[in-house]
>>> print(open('upload_14.cif').read())   # mmCIF, C-alpha atoms
data_work
#
loop_
_atom_site.group_PDB
_atom_site.id
_atom_site.type_symbol
_atom_site.label_atom_id
_atom_site.label_comp_id
_atom_site.auth_asym_id
_atom_site.auth_seq_id
_atom_site.Cartn_x
_atom_site.Cartn_y
_atom_site.Cartn_z
ATOM 1 C CA MET Z 1 0.000 0.000 0.000
ATOM 2 C CA ALA Z 2 1.053 3.603 -0.650
ATOM 3 C CA GLU Z 3 0.148 6.959 0.919
ATOM 4 C CA TYR Z 4 -2.153 9.463 -0.831
ATOM 5 C CA LEU Z 5 -1.523 13.049 0.298
ATOM 6 C CA TYR Z 6 -4.453 15.507 0.600
ATOM 7 C CA CYS Z 7 -3.105 18.540 2.375
ATOM 8 C CA ILE Z 8 -0.802 19.929 5.063
ATOM 9 C CA ILE Z 9 -2.006 21.553 8.275
ATOM 10 C CA ASN Z 10 -0.372 22.868 11.419
ATOM 11 C CA ARG Z 11 0.125 20.225 14.105
ATOM 12 C CA THR Z 12 -2.669 20.720 16.558
ATOM 13 C CA LYS Z 13 -5.590 18.925 18.142
ATOM 14 C CA LEU Z 14 -7.593 17.595 15.210
ATOM 15 C CA ASN Z 15 -11.302 18.303 15.214
ATOM 16 C CA GLY Z 16 -13.855 17.102 12.704
ATOM 17 C CA PHE Z 17 -11.547 14.583 11.106
ATOM 18 C CA PRO Z 18 -12.762 13.215 7.746
ATOM 19 C CA GLU Z 19 -13.800 9.558 7.702
ATOM 20 C CA GLU Z 20 -13.312 8.536 4.102
ATOM 21 C CA GLY Z 21 -10.818 9.432 1.416
ATOM 22 C CA ILE Z 22 -9.675 8.142 -1.966
ATOM 23 C CA GLU Z 23 -10.510 4.435 -2.515
ATOM 24 C CA GLY Z 24 -12.391 4.451 0.793
ATOM 25 C CA GLY Z 25 -9.190 4.777 2.833
ATOM 26 C CA ARG Z 26 -9.460 6.442 6.240
ATOM 27 C CA PRO Z 27 -7.427 9.671 6.359
ATOM 28 C CA TYR Z 28 -4.887 10.050 9.164
ATOM 29 C CA ALA Z 29 -2.435 12.717 10.284
ATOM 30 C CA LEU Z 30 1.272 12.062 9.786
ATOM 31 C CA PRO Z 31 3.212 14.511 11.968
ATOM 32 C CA TYR Z 32 6.517 16.123 11.128
ATOM 33 C CA HIS Z 33 7.764 18.785 13.576
ATOM 34 C CA ASP Z 34 4.909 21.275 13.967
ATOM 35 C CA LEU Z 35 3.145 20.189 10.753
ATOM 36 C CA CYS Z 36 0.851 17.325 9.862
ATOM 37 C CA ALA Z 37 0.421 15.708 6.477
ATOM 38 C CA ILE Z 38 -3.107 14.421 5.969
ATOM 39 C CA ALA Z 39 -2.927 11.191 4.019
ATOM 40 C CA SER Z 40 -4.628 7.829 3.612
ATOM 41 C CA GLU Z 41 -3.482 4.395 2.533
ATOM 42 C CA VAL Z 42 -4.196 3.580 -1.105
ATOM 43 C CA PRO Z 43 -3.003 1.043 -3.691
ATOM 44 C CA LEU Z 44 0.056 2.349 -5.540
ATOM 45 C CA LYS Z 45 -1.145 3.579 -8.940
ATOM 46 C CA ASP Z 46 -1.923 6.725 -10.889
ATOM 47 C CA TYR Z 47 -5.238 8.262 -9.869
ATOM 48 C CA GLU Z 48 -7.471 9.685 -12.585
ATOM 49 C CA PRO Z 49 -9.111 13.003 -11.698
ATOM 50 C CA THR Z 50 -12.611 11.557 -12.024
ATOM 51 C CA ASP Z 51 -15.577 13.387 -10.464
ATOM 52 C CA ASP Z 52 -15.650 10.874 -7.619
ATOM 53 C CA ASN Z 53 -11.909 10.981 -6.889
ATOM 54 C CA VAL Z 54 -11.753 14.775 -7.033
ATOM 55 C CA ALA Z 55 -14.829 15.016 -4.779
ATOM 56 C CA ARG Z 56 -13.220 12.735 -2.176
ATOM 57 C CA HIS Z 57 -9.963 14.699 -2.288
ATOM 58 C CA LYS Z 58 -11.903 17.950 -1.839
ATOM 59 C CA ASP Z 59 -14.163 16.549 0.884
ATOM 60 C CA VAL Z 60 -11.168 15.696 3.063
ATOM 61 C CA GLU Z 61 -9.769 19.212 2.651
ATOM 62 C CA LEU Z 62 -13.141 20.888 3.209
ATOM 63 C CA CYS Z 63 -13.775 18.871 6.370
ATOM 64 C CA LEU Z 64 -10.474 20.086 7.837
ATOM 65 C CA LEU Z 65 -10.981 23.641 6.592
ATOM 66 C CA LYS Z 66 -13.743 24.181 9.170
ATOM 67 C CA GLU Z 67 -11.241 24.132 12.024
ATOM 68 C CA HIS Z 68 -7.791 24.489 10.479
ATOM 69 C CA THR Z 69 -5.724 26.436 7.994
ATOM 70 C CA VAL Z 70 -5.401 24.024 5.096
ATOM 71 C CA LEU Z 71 -2.489 24.033 2.681
ATOM 72 C CA PRO Z 72 -3.954 22.138 -0.275
ATOM 73 C CA VAL Z 73 -1.859 19.709 -2.279
ATOM 74 C CA ALA Z 74 -2.472 19.037 -5.983
ATOM 75 C CA PHE Z 75 -4.662 16.047 -6.803
ATOM 76 C CA GLY Z 76 -2.908 12.725 -7.369
ATOM 77 C CA MET Z 77 0.142 12.889 -5.074
ATOM 78 C CA VAL Z 78 0.966 9.317 -4.059
ATOM 79 C CA PHE Z 79 4.025 8.246 -2.035
ATOM 80 C CA ARG Z 80 5.324 4.692 -1.874
ATOM 81 C CA THR Z 81 5.812 4.715 1.903
ATOM 82 C CA LYS Z 82 5.217 6.884 4.972
ATOM 83 C CA GLY Z 83 8.993 7.200 5.268
ATOM 84 C CA ILE Z 84 9.250 8.781 1.816
ATOM 85 C CA LEU Z 85 6.417 11.163 2.666
ATOM 86 C CA VAL Z 86 8.108 12.233 5.927
ATOM 87 C CA ASN Z 87 11.422 12.617 4.127
ATOM 88 C CA THR Z 88 9.743 14.793 1.505
ATOM 89 C CA MET Z 89 8.193 16.961 4.211
ATOM 90 C CA ARG Z 90 11.643 17.347 5.743
ATOM 91 C CA ASN Z 91 13.025 18.525 2.402
ATOM 92 C CA VAL Z 92 10.308 21.104 1.731
ATOM 93 C CA TYR Z 93 9.614 22.052 5.352
ATOM 94 C CA PRO Z 94 10.645 25.745 4.995
ATOM 95 C CA ILE Z 95 8.391 26.148 1.925
ATOM 96 C CA LEU Z 96 5.452 24.517 3.686
ATOM 97 C CA LYS Z 97 5.927 26.734 6.749
ATOM 98 C CA ARG Z 98 6.155 29.884 4.640
ATOM 99 C CA SER Z 99 3.061 28.922 2.638
ATOM 100 C CA LEU Z 100 1.083 28.156 5.779
ATOM 101 C CA ARG Z 101 2.056 31.534 7.252
ATOM 102 C CA LEU Z 102 0.844 33.298 4.091
ATOM 103 C CA ILE Z 103 -2.564 31.630 4.178
ATOM 104 C CA ASP Z 104 -2.993 31.482 7.949
ATOM 105 C CA ASN Z 105 -6.660 32.049 8.849
ATOM 106 C CA LYS Z 106 -7.523 32.719 5.235
ATOM 107 C CA ILE Z 107 -9.801 30.953 2.811
ATOM 108 C CA GLU Z 108 -10.558 31.205 -0.890
ATOM 109 C CA LEU Z 109 -13.845 32.501 -2.283
ATOM 110 C CA GLY Z 110 -14.841 32.603 -5.928
ATOM 111 C CA VAL Z 111 -17.082 34.971 -7.859
ATOM 112 C CA LYS Z 112 -18.248 34.361 -11.401
ATOM 113 C CA VAL Z 113 -20.657 36.523 -13.366
ATOM 114 C CA VAL Z 114 -22.508 34.696 -16.119
ATOM 115 C CA ALA Z 115 -24.415 36.476 -18.890
ATOM 116 C CA PRO Z 116 -28.072 35.565 -19.432
ATOM 117 C CA LYS Z 117 -28.775 32.525 -21.600
ATOM 118 C CA GLU Z 118 -30.451 34.455 -24.376
ATOM 119 C CA GLY Z 119 -29.369 37.721 -25.927
ATOM 120 C CA LYS Z 120 -26.393 39.557 -27.263
ATOM 121 C CA ASP Z 121 -22.861 38.265 -26.797
ATOM 122 C CA VAL Z 122 -21.526 40.996 -24.544
ATOM 123 C CA LYS Z 123 -18.122 39.355 -24.065
ATOM 124 C CA GLU Z 124 -16.757 40.927 -27.240
ATOM 125 C CA ASP Z 125 -16.754 44.259 -25.486
ATOM 126 C CA ILE Z 126 -14.584 43.179 -22.566
ATOM 127 C CA PRO Z 127 -11.717 45.603 -22.078
ATOM 128 C CA LEU Z 128 -8.483 43.696 -21.407
ATOM 129 C CA ASP Z 129 -7.464 45.745 -18.419
ATOM 130 C CA THR Z 130 -10.537 45.194 -16.271
ATOM 131 C CA GLY Z 131 -11.983 41.818 -17.238
ATOM 132 C CA ILE Z 132 -15.418 43.409 -16.995
ATOM 133 C CA PRO Z 133 -17.514 43.829 -20.142
ATOM 134 C CA GLN Z 134 -17.919 47.326 -21.450
ATOM 135 C CA GLU Z 135 -21.692 47.077 -21.395
ATOM 136 C CA MET Z 136 -21.533 46.317 -17.719
ATOM 137 C CA THR Z 137 -19.029 49.043 -17.018
ATOM 138 C CA GLN Z 138 -21.198 51.488 -18.949
ATOM 139 C CA ALA Z 139 -24.350 50.480 -17.137
ATOM 140 C CA VAL Z 140 -22.697 50.106 -13.736
ATOM 141 C CA LYS Z 141 -19.435 51.601 -12.592
ATOM 142 C CA GLU Z 142 -16.431 49.283 -12.609
ATOM 143 C CA GLU Z 143 -15.930 50.422 -9.071
ATOM 144 C CA ASP Z 144 -18.789 48.144 -8.074
ATOM 145 C CA PHE Z 145 -16.640 45.077 -8.636
ATOM 146 C CA ALA Z 146 -13.400 46.681 -7.499
ATOM 147 C CA VAL Z 147 -14.887 46.903 -4.013
ATOM 148 C CA LEU Z 148 -14.318 43.154 -3.690
ATOM 149 C CA ASP Z 149 -10.604 43.561 -4.438
ATOM 150 C CA ARG Z 150 -10.289 46.068 -1.622
ATOM 151 C CA ILE Z 151 -11.705 43.736 1.034
ATOM 152 C CA VAL Z 152 -9.434 40.796 0.355
ATOM 153 C CA VAL Z 153 -5.765 39.936 0.855
ATOM 154 C CA GLU Z 154 -5.087 38.793 -2.705
ATOM 155 C CA VAL Z 155 -6.910 38.360 -6.006
ATOM 156 C CA ARG Z 156 -6.420 35.937 -8.896
ATOM 157 C CA ARG Z 157 -8.163 36.509 -12.206
ATOM 158 C CA GLY Z 158 -9.575 33.294 -13.622
ATOM 159 C CA GLU Z 159 -9.865 32.399 -17.259
ATOM 160 C CA LEU Z 160 -13.050 33.371 -19.112
ATOM 161 C CA PHE Z 161 -13.562 29.835 -20.387
ATOM 162 C CA SER Z 162 -17.084 30.350 -21.707
ATOM 163 C CA ASP Z 163 -18.599 32.963 -24.019
ATOM 164 C CA ARG Z 164 -21.149 33.665 -21.323
ATOM 165 C CA LEU Z 165 -18.619 34.067 -18.534
ATOM 166 C CA LEU Z 166 -18.113 37.787 -17.980
ATOM 167 C CA TYR Z 167 -16.133 37.863 -14.767
ATOM 168 C CA ASN Z 168 -14.147 35.168 -12.970
ATOM 169 C CA LYS Z 169 -12.003 35.899 -9.956
ATOM 170 C CA SER Z 170 -10.747 34.030 -6.910
ATOM 171 C CA PHE Z 171 -10.143 35.891 -3.676
ATOM 172 C CA LEU Z 172 -7.937 35.091 -0.715
ATOM 173 C CA VAL Z 173 -10.016 36.332 2.195
ATOM 174 C CA ASP Z 174 -9.242 36.673 5.876
ATOM 175 C CA LYS Z 175 -11.825 34.630 7.794
ATOM 176 C CA ARG Z 176 -12.865 37.781 9.694
ATOM 177 C CA ASP Z 177 -13.828 39.471 6.412
ATOM 178 C CA ILE Z 178 -16.012 36.709 4.976
ATOM 179 C CA GLU Z 179 -19.258 38.322 6.113
ATOM 180 C CA LYS Z 180 -18.331 41.724 4.724
ATOM 181 C CA PHE Z 181 -17.289 40.132 1.431
ATOM 182 C CA SER Z 182 -20.519 38.113 1.228
ATOM 183 C CA GLU Z 183 -22.591 41.238 1.808
ATOM 184 C CA GLU Z 184 -20.849 42.995 -1.081
ATOM 185 C CA VAL Z 185 -21.403 40.008 -3.378
ATOM 186 C CA GLU Z 186 -25.076 40.013 -2.430
ATOM 187 C CA ARG Z 187 -25.286 43.738 -3.129
ATOM 188 C CA LEU Z 188 -23.694 43.179 -6.558
ATOM 189 C CA GLY Z 189 -26.161 40.372 -7.184
ATOM 190 C CA GLN Z 190 -29.021 42.792 -6.582
ATOM 191 C CA LYS Z 191 -27.488 45.295 -8.961
ATOM 192 C CA TYR Z 192 -26.726 42.795 -11.728
ATOM 193 C CA LYS Z 193 -30.054 41.049 -11.717
ATOM 194 C CA GLU Z 194 -29.891 40.348 -15.436
ATOM 195 C CA CYS Z 195 -26.788 38.166 -14.903
ATOM 196 C CA LYS Z 196 -26.243 35.085 -12.770
ATOM 197 C CA ILE Z 197 -23.651 35.546 -10.060
ATOM 198 C CA LYS Z 198 -22.052 32.340 -8.867
ATOM 199 C CA TYR Z 199 -20.506 32.812 -5.450
ATOM 200 C CA SER Z 200 -18.542 29.784 -4.249
ATOM 201 C CA GLY Z 201 -16.508 28.739 -1.232
ATOM 202 C CA PRO Z 202 -15.066 28.641 1.271
ATOM 203 C CA TRP Z 203 -12.285 26.644 -0.366
ATOM 204 C CA PRO Z 204 -8.721 25.923 0.616
ATOM 205 C CA PRO Z 205 -6.600 28.483 -1.259
ATOM 206 C CA TYR Z 206 -6.254 26.366 -4.409
ATOM 207 C CA ASN Z 207 -5.476 29.345 -6.615
ATOM 208 C CA PHE Z 208 -2.943 30.909 -4.284
ATOM 209 C CA VAL Z 209 -0.618 28.004 -3.504
ATOM 210 C CA ASP Z 210 0.486 25.224 -5.817
ATOM 211 C CA ILE Z 211 2.069 22.385 -3.873
ATOM 212 C CA ARG Z 212 3.295 19.510 -6.053
ATOM 213 C CA ILE Z 213 5.876 17.707 -4.003
ATOM 214 C CA MET Z 214 7.512 14.669 -5.569
ATOM 215 C CA GLY Z 215 5.390 11.503 -5.355
ATOM 216 C CA ARG Z 216 3.595 10.020 -8.353
ATOM 217 C CA ARG Z 217 1.348 12.332 -10.258
ATOM 218 C CA ARG Z 218 -0.333 12.120 -13.608
ATOM 219 C CA MET D 1 7.471 6.186 -46.544
ATOM 220 C CA PHE D 2 9.831 3.767 -48.312
ATOM 221 C CA VAL D 3 10.366 6.335 -51.073
ATOM 222 C CA ILE D 4 11.104 9.120 -48.633
ATOM 223 C CA ASP D 5 13.360 7.061 -46.385
ATOM 224 C CA ASP D 6 15.334 5.011 -48.836
ATOM 225 C CA VAL D 7 15.336 6.757 -52.178
ATOM 226 C CA PHE D 8 14.580 10.433 -51.747
ATOM 227 C CA LEU D 9 16.886 10.901 -48.774
ATOM 228 C CA LEU D 10 19.643 8.522 -49.943
ATOM 229 C CA PRO D 11 21.722 11.148 -51.785
ATOM 230 C CA LEU D 12 21.655 13.356 -48.714
ATOM 231 C CA SER D 13 22.760 10.516 -46.478
ATOM 232 C CA LEU D 14 25.532 9.515 -48.877
ATOM 233 C CA ALA D 15 26.694 13.094 -49.009
ATOM 234 C CA GLY D 16 27.108 13.020 -45.249
ATOM 235 C CA PHE D 17 24.023 15.069 -44.283
ATOM 236 C CA GLU D 18 22.772 12.665 -41.618
ATOM 237 C CA PRO D 19 20.772 15.220 -39.663
ATOM 238 C CA LEU D 20 18.730 16.204 -42.720
ATOM 239 C CA PRO D 21 16.658 12.990 -42.886
ATOM 240 C CA ASN D 22 16.050 13.389 -39.162
ATOM 241 C CA LEU D 23 14.943 16.943 -39.726
ATOM 242 C CA ILE D 24 12.545 15.931 -42.495
ATOM 243 C CA MET D 25 11.067 13.115 -40.391
ATOM 244 C CA MET D 26 10.691 15.569 -37.537
ATOM 245 C CA SER D 27 8.801 17.904 -39.863
ATOM 246 C CA PHE D 28 6.433 15.076 -40.818
ATOM 247 C CA ARG D 29 5.885 14.247 -37.167
ATOM 248 C CA ALA D 30 5.275 17.919 -36.388
ATOM 249 C CA VAL D 31 2.680 18.169 -39.187
ATOM 250 C CA HIS D 32 1.063 14.956 -37.949
ATOM 251 C CA LYS D 33 0.992 16.260 -34.382
ATOM 252 C CA ASN D 34 -0.489 19.583 -35.497
ATOM 253 C CA SER D 35 -3.247 17.779 -37.400
ATOM 254 C CA LEU D 36 -4.105 15.703 -34.335
ATOM 255 C CA GLN D 37 -4.037 18.812 -32.158
ATOM 256 C CA GLU D 38 -6.607 20.402 -34.450
ATOM 257 C CA LEU D 39 -8.799 17.321 -34.106
ATOM 258 C CA TYR D 40 -8.312 17.094 -30.346
ATOM 259 C CA PRO D 41 -7.616 20.600 -29.048
ATOM 260 C CA LEU D 42 -6.468 20.352 -25.415
ATOM 261 C CA LYS D 43 -7.296 23.853 -24.214
ATOM 262 C CA LYS D 44 -10.665 23.969 -25.969
ATOM 263 C CA THR D 45 -11.662 20.617 -24.487
ATOM 264 C CA GLN D 46 -10.596 21.702 -21.005
ATOM 265 C CA ASN D 47 -12.682 24.860 -21.392
ATOM 266 C CA GLU D 48 -15.690 22.857 -22.615
ATOM 267 C CA ILE D 49 -15.482 20.662 -19.509
ATOM 268 C CA LYS D 50 -15.373 23.739 -17.275
ATOM 269 C CA GLU D 51 -18.269 25.322 -19.191
ATOM 270 C CA ILE D 52 -20.637 22.379 -18.874
ATOM 271 C CA ALA D 53 -19.751 22.062 -15.166
ATOM 272 C CA LEU D 54 -20.667 25.738 -14.748
ATOM 273 C CA LEU D 55 -23.947 25.336 -16.652
ATOM 274 C CA TYR D 56 -24.791 22.259 -14.557
ATOM 275 C CA GLU D 57 -24.086 24.152 -11.338
ATOM 276 C CA LEU D 58 -26.300 26.997 -12.540
ATOM 277 C CA GLY D 59 -29.103 24.523 -13.149
ATOM 278 C CA GLU D 60 -29.133 25.066 -16.914
ATOM 279 C CA LEU D 61 -28.037 21.529 -17.795
ATOM 280 C CA PRO D 62 -29.901 18.394 -16.624
ATOM 281 C CA ARG D 63 -27.841 15.815 -14.726
ATOM 282 C CA GLU D 64 -28.167 13.148 -17.441
ATOM 283 C CA GLU D 65 -27.000 15.530 -20.150
ATOM 284 C CA TYR D 66 -24.158 16.742 -17.918
ATOM 285 C CA LYS D 67 -23.024 13.156 -17.236
ATOM 286 C CA LYS D 68 -23.199 12.231 -20.922
ATOM 287 C CA ARG D 69 -21.261 15.244 -22.112
ATOM 288 C CA THR D 70 -18.702 14.954 -19.304
ATOM 289 C CA SER D 71 -18.030 11.369 -20.268
ATOM 290 C CA GLU D 72 -17.586 12.264 -23.961
ATOM 291 C CA LEU D 73 -15.317 15.193 -23.164
ATOM 292 C CA ALA D 74 -13.232 13.162 -20.685
ATOM 293 C CA GLU D 75 -12.417 10.706 -23.476
ATOM 294 C CA LYS D 76 -11.633 13.574 -25.854
ATOM 295 C CA LEU D 77 -9.402 15.153 -23.184
ATOM 296 C CA ARG D 78 -7.558 11.872 -22.625
ATOM 297 C CA ILE D 79 -6.725 11.684 -26.341
ATOM 298 C CA ALA D 80 -5.827 15.392 -26.463
ATOM 299 C CA GLN D 81 -3.386 14.916 -23.572
ATOM 300 C CA ARG D 82 -1.762 11.960 -25.332
ATOM 301 C CA VAL D 83 -1.456 13.980 -28.541
ATOM 302 C CA ASN D 84 0.076 16.821 -26.573
ATOM 303 C CA ASP D 85 2.665 14.417 -25.119
ATOM 304 C CA ILE D 86 3.803 13.172 -28.527
ATOM 305 C CA ASN D 87 7.515 13.753 -28.841
ATOM 306 C CA ILE D 88 8.311 14.934 -32.338
ATOM 307 C CA GLY D 89 11.999 14.124 -31.855
ATOM 308 C CA GLN D 90 15.240 15.988 -31.484
ATOM 309 C CA PHE D 91 18.199 16.755 -33.714
ATOM 310 C CA SER D 92 20.698 13.940 -33.529
ATOM 311 C CA THR D 93 23.707 16.267 -33.803
ATOM 312 C CA GLY D 94 24.375 19.897 -33.167
ATOM 313 C CA LEU D 95 25.061 20.525 -36.877
ATOM 314 C CA LEU D 96 21.772 22.248 -37.610
ATOM 315 C CA LEU D 97 21.328 23.985 -34.292
#
>>> encode(input="upload_14.cif", output="structure tokens")
Amino acid sequence: MAEYLYCIINRTKLNGFPEEGIEGGRPYALPYHDLCAIASEVPLKDYEPTDDNVARHKDVELCLLKEHTVLPVAFGMVFRTKGILVNTMRNVYPILKRSLRLIDNKIELGVKVVAPKEGKDVKEDIPLDTGIPQEMTQAVKEEDFAVLDRIVVEVRRGELFSDRLLYNKSFLVDKRDIEKFSEEVERLGQKYKECKIKYSGPWPPYNFVDIRIMGRRR
Amino acid sequence: MFVIDDVFLLPLSLAGFEPLPNLIMMSFRAVHKNSLQELYPLKKTQNEIKEIALLYELGELPREEYKKRTSELAEKLRIAQRVNDINIGQFSTGLLL
């Protein structure tokens, strides 16, 4: 059996521990100094990012996110033995510590604005500098969306992967500011009634850290 | 392929231009890879998967349709990733670099 790695958290009393992970394995905490790797035993193979596998990976992280700062690890990291996993943590310990400090008490929230199903393709008018369609900026001040940027610690612009997707950003938010941020999103939702606003989270900061430490990965 | 390998390129090989046949074969592989990439575009397929997931989450796509299209696109993505990984080869000497 091998070890599938989900995430890294600070070593502390574990509350709300997840019961089931990839391949039905029970997640456990593998300590190294003041950190813990959250892993579960799995057969040694490459794991396809199927809906089910990705959901299980996410569920473990989300369960821990309620009580801990979670440093997410990319899907599909499998280590042959616990010893190799501990050794890897030893090698990247300073990076893990620095990353955990950066995201301490912070979570990721996502906001997408989707154009109505019917009607004119407004995406053509998107100015490159703002990521907000001109029609929207003409009808409503760009400042409306910029208010979100001012609340948060960091912002990542997501790709506009659909013709109907007008705005796609991920925000690294201090847990104390979640309510304020949510209120602003709700206010924007009221203002942009013609569009659908998809507000998602809280997530581990997937878009703000990218941990891919050794192991097997597709 | 026999004509290209053994007849067309023979004078070049005899004249000591070994890397040239390699270069020509690399060009063929590159053209082949480009054709496959047009058939199975990686980025476009990835975006299609994200788009149908978004539409499903917004309630605009029924579960059955979402499942069906996800399954089709997953297969297309698998092929696109394999096409993307095709190694078109490298120059065998530094002569043409």
>>> residues_around(input="upload_14.cif", residues="Tyr4 of chain Z", least_positions_apart="3", cutoff="12 Å", atoms="all atoms listed in the file", output="PyMOL selection string")
chain Z and resi 1+7+21-30+37-47+53+56-57+60+73-82+84-85+213-217
>>> residues_around(input="upload_14.cif", residues="Lys76 of chain D", least_positions_apart="3", cutoff="8 Å", atoms="all atoms listed in the file", output="PyMOL selection string")
chain D and resi 40+45+72-73+79-80
>>> interface_residues(input="upload_14.cif", of="chain D", to="chain Z", cutoff="8 Å", atoms="only C-alpha atoms", output="list of chain:residue names")
D:Asn47, D:Glu48, D:Lys50, D:Glu51, D:Leu58
>>> atom_distance(input="upload_14.cif", atom1="atom CA of Gly158 of chain Z", atom2="atom CA of Arg176 of chain Z")
24.0 Å
>>> resolve_selection(input="upload_14.cif", expression="the PyMOL selection byres ((chain Z and resi 201-212) around 7)", output="list in words")
Leu62, Leu65, Val70, Leu71, Pro72, Val73, Ala74, Ile107, Glu108, Leu109, Gly110, Leu172, Ser200, Ile213 and Met214 of chain Z
>>> residues_around(input="upload_14.cif", residues="Arg90 of chain Z", least_positions_apart="3", cutoff="12 Å", atoms="all atoms listed in the file", output="mmCIF file with C-alpha atoms, in the coordinates of the input")
data_model
loop_
_atom_site.group_PDB
_atom_site.id
_atom_site.type_symbol
_atom_site.label_atom_id
_atom_site.label_comp_id
_atom_site.auth_asym_id
_atom_site.auth_seq_id
_atom_site.Cartn_x
_atom_site.Cartn_y
_atom_site.Cartn_z
ATOM 1 C CA PRO Z 31 3.212 14.511 11.968
ATOM 2 C CA TYR Z 32 6.517 16.123 11.128
ATOM 3 C CA HIS Z 33 7.764 18.785 13.576
ATOM 4 C CA ASP Z 34 4.909 21.275 13.967
ATOM 5 C CA LEU Z 35 3.145 20.189 10.753
ATOM 6 C CA CYS Z 36 0.851 17.325 9.862
ATOM 7 C CA ALA Z 37 0.421 15.708 6.477
ATOM 8 C CA GLY Z 83 8.993 7.200 5.268
ATOM 9 C CA ILE Z 84 9.250 8.781 1.816
ATOM 10 C CA LEU Z 85 6.417 11.163 2.666
ATOM 11 C CA VAL Z 86 8.108 12.233 5.927
ATOM 12 C CA ASN Z 87 11.422 12.617 4.127
ATOM 13 C CA TYR Z 93 9.614 22.052 5.352
ATOM 14 C CA PRO Z 94 10.645 25.745 4.995
ATOM 15 C CA ILE Z 95 8.391 26.148 1.925
ATOM 16 C CA LEU Z 96 5.452 24.517 3.686
ATOM 17 C CA LYS Z 97 5.927 26.734 6.749
ATOM 18 C CA ILE Z 213 5.876 17.707 -4.003
#
>>> residues_around(input="upload_14.cif", residues="Val147 of chain Z", least_positions_apart="3", cutoff="10 Å", atoms="only C-alpha atoms", output="list in words")
Glu142, Glu143, Asp144, Arg150, Ile151, Val152, Phe181, Glu184, Val185 and Leu188 of chain Z
>>> closest_residue(input="upload_14.cif", among="Z:Val153, Z:Leu100, Z:Val111, Z:Cys63", to="Ile8 of chain Z", atoms="only C-alpha atoms")
Z:Leu100
>>> residues_around(input="upload_14.cif", residues="Lys33 of chain D", least_positions_apart="4", cutoff="10 Å", atoms="only C-alpha atoms", output="number ranges by chain")
D: 27-29, 37-39, 83-88
>>> atom_distance(input="upload_14.cif", atom1="atom CA of Gly189 of chain Z", atom2="atom CA of Leu55 of chain D")
17.9 Å
>>> atom_distance(input="upload_14.cif", atom1="atom CA of Val92 of chain Z", atom2="atom CA of Gln81 of chain D")
29.4 Å
